[in-house]
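Worksheet: the structure to be examined is printed underneath.
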Amino acid sequence: MLVDLHVHTAVSSPCSQIDPTLLIEVASDMGLDAVCVTEHEEMEGAEMTRRLGAEAGFPVFRGVEVYTELGDMLVFGLYRASFPLRTPFAELLSEVRGAGGAIIPCHPCRGSLGFHHTLGEEQADFLLASVDAIETRNGGSSPESNSAAESYAEKYGLPGVGGSDAHFLMQVGRCLTVFERDIEGEAQLVDEIKAGRCRAAYASEVASLRMPELWR
Ligand SMILES: [Zn+2]
Ligand SMILES: [Zn+2]
């Protein structure tokens with residue numbers, strides 16, 4: 001099952017141009033099986049896109065991207081309308097654990113030499129011991145940053161996930177997560193990530209993806 005795990009829509013992310021209805025059309029057109037909407041600090045865009053997806057028969061899973069002092073985190077399985085900007089990581093972590101959700105540092109090595117360089121040894125070790133996976137394919141990060149993230153995932157035995165971090169329609173699906181199993185809902189999405197039954201990929205590495213109508 002092919003899932004773009006990291007998309008911003010214009011509903012709650014002012015930095016995004018993506019209309020949720022078109023997102024569903026493009027994602028389904030290109031052969032993705034589901035998308036996750038992960039706005040910054042807010043859930044409204046994810047809620048709305050999920051409703052539209054249900055009407056269109058296309059699965060949309062809700063997530064959120066939360067800015068913490070240890071970097072941006074993708075969170076699944078924790079439902080709150082909004083989060084304060086720069087939520088303390090420890091607070092977020094305990095909420096995620098309480099809800100049985102998943103927490104994943106996204107674009108961790110973008111513009112840096114990696115966790116230990118940016119955060120220092122102690123915080124980096126704490127972070128890597130606390131999270132469920134690492135985003136090792138992020139559409140907005142350089143191949144070098146993604147490779148650095150991948151090395152961390154391997155070294156720390158964490159699953160790697162991928163997402164486009166799309167803010168424009170043409171970016172949807174440029175990175176994605178390939179799940180071994182079909183995912184029926186958000187609870188299972190969390191389970192599959194935690195179990196590591198997934199891998200991160202670039203669109204070019206997935207032969208079944210089609211160029212969407214819109215791009216031709
Ligand atoms: Zn981010
Ligand atoms: Zn993002």
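To be explicit about the labels: the chains of the structure tokens are called A, B, and onward in the order shown, and within each one the residues are counted from 1, while ligands get numbers from 1 in the order they are shown.
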
query: as an MDAnalysis selection string, which residues of stretch 5-208 of chain A does DSSP assign to alpha helix (DSSP H)?
result: chainID A and resid 20:30 44:56 89:99 115:119 121:130 143:156 186:195

Compile the contact shell of A:Ala133 as a PDB file with N, CA and C atoms, in the first residue's frame: residues with an atom at most 7 Å away, counting only C-alpha atoms, same-chain residues fewer than 3 positions apart removed.
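Once everything was written out, this is selection.pdb:
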```
ATOM      1  N   ILE A 104       7.303  10.883  15.079  1.00  0.00           N
ATOM      2  CA  ILE A 104       8.353  10.661  14.077  1.00  0.00           C
ATOM      3  C   ILE A 104       9.038  11.990  13.739  1.00  0.00           C
ATOM      4  N   LEU A 158      15.437   1.992  13.802  1.00  0.00           N
ATOM      5  CA  LEU A 158      14.100   2.591  13.684  1.00  0.00           C
ATOM      6  C   LEU A 158      13.575   2.427  12.259  1.00  0.00           C
ATOM      7  N   PRO A 159      12.241   2.260  12.124  1.00  0.00           N
ATOM      8  CA  PRO A 159      11.679   2.209  10.773  1.00  0.00           C
ATOM      9  C   PRO A 159      11.860   3.554  10.062  1.00  0.00           C
ATOM     10  N   GLY A 160      12.001   3.512   8.764  1.00  0.00           N
ATOM     11  CA  GLY A 160      12.054   4.737   7.956  1.00  0.00           C
ATOM     12  C   GLY A 160      10.721   4.940   7.262  1.00  0.00           C
ATOM     13  N   VAL A 161      10.244   6.179   7.261  1.00  0.00           N
ATOM     14  CA  VAL A 161       9.015   6.489   6.527  1.00  0.00           C
ATOM     15  C   VAL A 161       9.292   7.639   5.558  1.00  0.00           C
TER      16      VAL A 161
END
```

task: Return as a ChimeraX atom specification every polymer residue, whether protein, DNA or RNA, with at least one atom no more than 7 Å from an atom of ligand 2; count only C-alpha atoms and all ligand atoms.
output: /A:6-8,38-40,65,165

- request: Check the smallest atom-to-atom distance from each of A:Tyr156, A:Phe126, A:Tyr67, A:Phe179 to A:Ala201 using only C-alpha atoms, then report the winner.
  value: A:Phe179

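The closest residue to A:Leu93, picked from A:Phe61, A:Leu127, A:Lys155, A:Leu5 and counting only C-alpha atoms, is A:Leu127.
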
query: Which chains and residue numbers are within 7 Å of ligand 1, counting only C-alpha atoms and all ligand atoms, if I want them as a count of residues only?
result: 4

Within 12 Å of stretch 16-19 of chain A, which residues of stretch 165-191 of chain A come that close, and what is the closest atom pair and distance in Å for each? Count only C-alpha atoms and give it as JSON lines.
```
{"residue": "A:Asp165", "atom": "CA", "partner": "A:Ser16", "partner_atom": "CA", "distance": 9.9}
{"residue": "A:Ala166", "atom": "CA", "partner": "A:Ser16", "partner_atom": "CA", "distance": 7.8}
{"residue": "A:His167", "atom": "CA", "partner": "A:Ser16", "partner_atom": "CA", "distance": 4.2}
{"residue": "A:Phe168", "atom": "CA", "partner": "A:Gln17", "partner_atom": "CA", "distance": 5.4}
{"residue": "A:Leu169", "atom": "CA", "partner": "A:Ile18", "partner_atom": "CA", "distance": 5.7}
{"residue": "A:Met170", "atom": "CA", "partner": "A:Ile18", "partner_atom": "CA", "distance": 9.4}
{"residue": "A:Gln171", "atom": "CA", "partner": "A:Ile18", "partner_atom": "CA", "distance": 9.8}
{"residue": "A:Val172", "atom": "CA", "partner": "A:Ile18", "partner_atom": "CA", "distance": 9.4}
```

Can I get the selection written as a PDB file, in the first residue's frame, with N, CA and C atoms?
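After the write, selection-v5.pdb holds the following:
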```pdb
ATOM      1  N   ASP A 165       5.932  16.078   1.944  1.00  0.00           N
ATOM      2  CA  ASP A 165       5.947  17.429   2.538  1.00  0.00           C
ATOM      3  C   ASP A 165       5.425  18.420   1.497  1.00  0.00           C
ATOM      4  N   ALA A 166       4.448  17.969   0.707  1.00  0.00           N
ATOM      5  CA  ALA A 166       3.937  18.786  -0.403  1.00  0.00           C
ATOM      6  C   ALA A 166       3.228  20.033   0.107  1.00  0.00           C
ATOM      7  N   HIS A 167       3.540  21.154  -0.519  1.00  0.00           N
ATOM      8  CA  HIS A 167       2.820  22.412  -0.315  1.00  0.00           C
ATOM      9  C   HIS A 167       2.177  22.852  -1.628  1.00  0.00           C
ATOM     10  N   PHE A 168       2.540  22.191  -2.717  1.00  0.00           N
ATOM     11  CA  PHE A 168       1.962  22.421  -4.045  1.00  0.00           C
ATOM     12  C   PHE A 168       1.553  21.065  -4.601  1.00  0.00           C
ATOM     13  N   LEU A 169       0.486  21.083  -5.418  1.00  0.00           N
ATOM     14  CA  LEU A 169      -0.052  19.813  -5.920  1.00  0.00           C
ATOM     15  C   LEU A 169       0.988  18.959  -6.635  1.00  0.00           C
ATOM     16  N   MET A 170       1.833  19.620  -7.425  1.00  0.00           N
ATOM     17  CA  MET A 170       2.777  18.836  -8.222  1.00  0.00           C
ATOM     18  C   MET A 170       3.837  18.134  -7.358  1.00  0.00           C
ATOM     19  N   GLN A 171       3.850  18.457  -6.066  1.00  0.00           N
ATOM     20  CA  GLN A 171       4.822  17.805  -5.171  1.00  0.00           C
ATOM     21  C   GLN A 171       4.246  16.554  -4.493  1.00  0.00           C
ATOM     22  N   VAL A 172       2.948  16.353  -4.630  1.00  0.00           N
ATOM     23  CA  VAL A 172       2.308  15.221  -3.948  1.00  0.00           C
ATOM     24  C   VAL A 172       2.924  13.906  -4.436  1.00  0.00           C
TER      25      VAL A 172
END
```

task: Tell me which protein, DNA and RNA residues are within 10 Å of A:Leu92, counting only C-alpha atoms, leaving out same-chain ones fewer than 2 positions away, and put them as a PyMOL selection string.
output: chain A and resi 66-68+73+75+78+83+87-90+94-98+103

Go ahead and save the picked residues with N, CA and C atoms, as a PDB file, in the first residue's frame.
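So out.pdb came out as:
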```pdb
ATOM      1  N   VAL A  66       4.174  18.915  14.453  1.00  0.00           N
ATOM      2  CA  VAL A  66       4.309  19.778  15.626  1.00  0.00           C
ATOM      3  C   VAL A  66       5.769  20.205  15.780  1.00  0.00           C
ATOM      4  N   TYR A  67       5.956  21.503  15.912  1.00  0.00           N
ATOM      5  CA  TYR A  67       7.289  22.071  16.087  1.00  0.00           C
ATOM      6  C   TYR A  67       7.675  22.008  17.560  1.00  0.00           C
ATOM      7  N   THR A  68       8.759  21.317  17.859  1.00  0.00           N
ATOM      8  CA  THR A  68       9.254  21.229  19.240  1.00  0.00           C
ATOM      9  C   THR A  68      10.689  21.741  19.281  1.00  0.00           C
ATOM     10  N   MET A  73       7.996  17.316  14.454  1.00  0.00           N
ATOM     11  CA  MET A  73       7.593  15.928  14.665  1.00  0.00           C
ATOM     12  C   MET A  73       6.297  15.656  13.916  1.00  0.00           C
ATOM     13  N   VAL A  75       3.057  13.467  13.964  1.00  0.00           N
ATOM     14  CA  VAL A  75       2.356  12.727  15.009  1.00  0.00           C
ATOM     15  C   VAL A  75       1.102  12.101  14.406  1.00  0.00           C
ATOM     16  N   LEU A  78      -2.968  10.964  17.655  1.00  0.00           N
ATOM     17  CA  LEU A  78      -3.263  11.896  18.757  1.00  0.00           C
ATOM     18  C   LEU A  78      -4.131  12.999  18.182  1.00  0.00           C
ATOM     19  N   PHE A  83      -2.166  22.643  18.565  1.00  0.00           N
ATOM     20  CA  PHE A  83      -1.038  22.507  19.487  1.00  0.00           C
ATOM     21  C   PHE A  83      -0.368  23.873  19.592  1.00  0.00           C
ATOM     22  N   THR A  87       5.812  23.333  21.113  1.00  0.00           N
ATOM     23  CA  THR A  87       5.390  22.447  22.191  1.00  0.00           C
ATOM     24  C   THR A  87       6.633  21.741  22.745  1.00  0.00           C
ATOM     25  N   PRO A  88       6.801  21.683  24.057  1.00  0.00           N
ATOM     26  CA  PRO A  88       7.958  20.932  24.587  1.00  0.00           C
ATOM     27  C   PRO A  88       7.879  19.462  24.167  1.00  0.00           C
ATOM     28  N   PHE A  89       9.003  18.931  23.677  1.00  0.00           N
ATOM     29  CA  PHE A  89       9.004  17.573  23.157  1.00  0.00           C
ATOM     30  C   PHE A  89       8.504  16.572  24.199  1.00  0.00           C
ATOM     31  N   ALA A  90       8.979  16.711  25.441  1.00  0.00           N
ATOM     32  CA  ALA A  90       8.613  15.741  26.479  1.00  0.00           C
ATOM     33  C   ALA A  90       7.099  15.728  26.710  1.00  0.00           C
ATOM     34  N   SER A  94       4.631  12.522  25.939  1.00  0.00           N
ATOM     35  CA  SER A  94       3.789  11.840  26.926  1.00  0.00           C
ATOM     36  C   SER A  94       2.326  11.837  26.461  1.00  0.00           C
ATOM     37  N   GLU A  95       1.907  12.870  25.753  1.00  0.00           N
ATOM     38  CA  GLU A  95       0.544  12.850  25.196  1.00  0.00           C
ATOM     39  C   GLU A  95       0.402  11.762  24.131  1.00  0.00           C
ATOM     40  N   VAL A  96       1.414  11.664  23.273  1.00  0.00           N
ATOM     41  CA  VAL A  96       1.382  10.650  22.209  1.00  0.00           C
ATOM     42  C   VAL A  96       1.347   9.254  22.824  1.00  0.00           C
ATOM     43  N   ARG A  97       2.171   9.034  23.825  1.00  0.00           N
ATOM     44  CA  ARG A  97       2.207   7.712  24.476  1.00  0.00           C
ATOM     45  C   ARG A  97       0.866   7.418  25.150  1.00  0.00           C
ATOM     46  N   GLY A  98       0.290   8.437  25.803  1.00  0.00           N
ATOM     47  CA  GLY A  98      -1.003   8.259  26.458  1.00  0.00           C
ATOM     48  C   GLY A  98      -2.095   7.879  25.478  1.00  0.00           C
ATOM     49  N   ILE A 103       5.139   8.945  17.012  1.00  0.00           N
ATOM     50  CA  ILE A 103       5.834  10.224  16.871  1.00  0.00           C
ATOM     51  C   ILE A 103       7.113  10.013  16.061  1.00  0.00           C
TER      52      ILE A 103
END
```

- prompt: What's the 7 Å shell around A:Val3, counting only C-alpha atoms, without same-chain residues fewer than 5 positions away, as number ranges by chain?
  reply: A: 32-35, 176-178

message: Based on the backbone DSSP call, show me all residues of stretch 90-167 of chain A assigned strand (DSSP E), as a PyMOL selection string.
response: chain A and resi 102-105+134-138+160-163

task: Find the residues around A:Val60 up to 12 Å (only C-alpha atoms counted), leave out those fewer than 6 positions away in its own chain, and share them as a count of residues only.
output: 34

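Picture a line from atom CA of A:Leu2 to atom CA of A:Arg137; it runs 13.6 Å.
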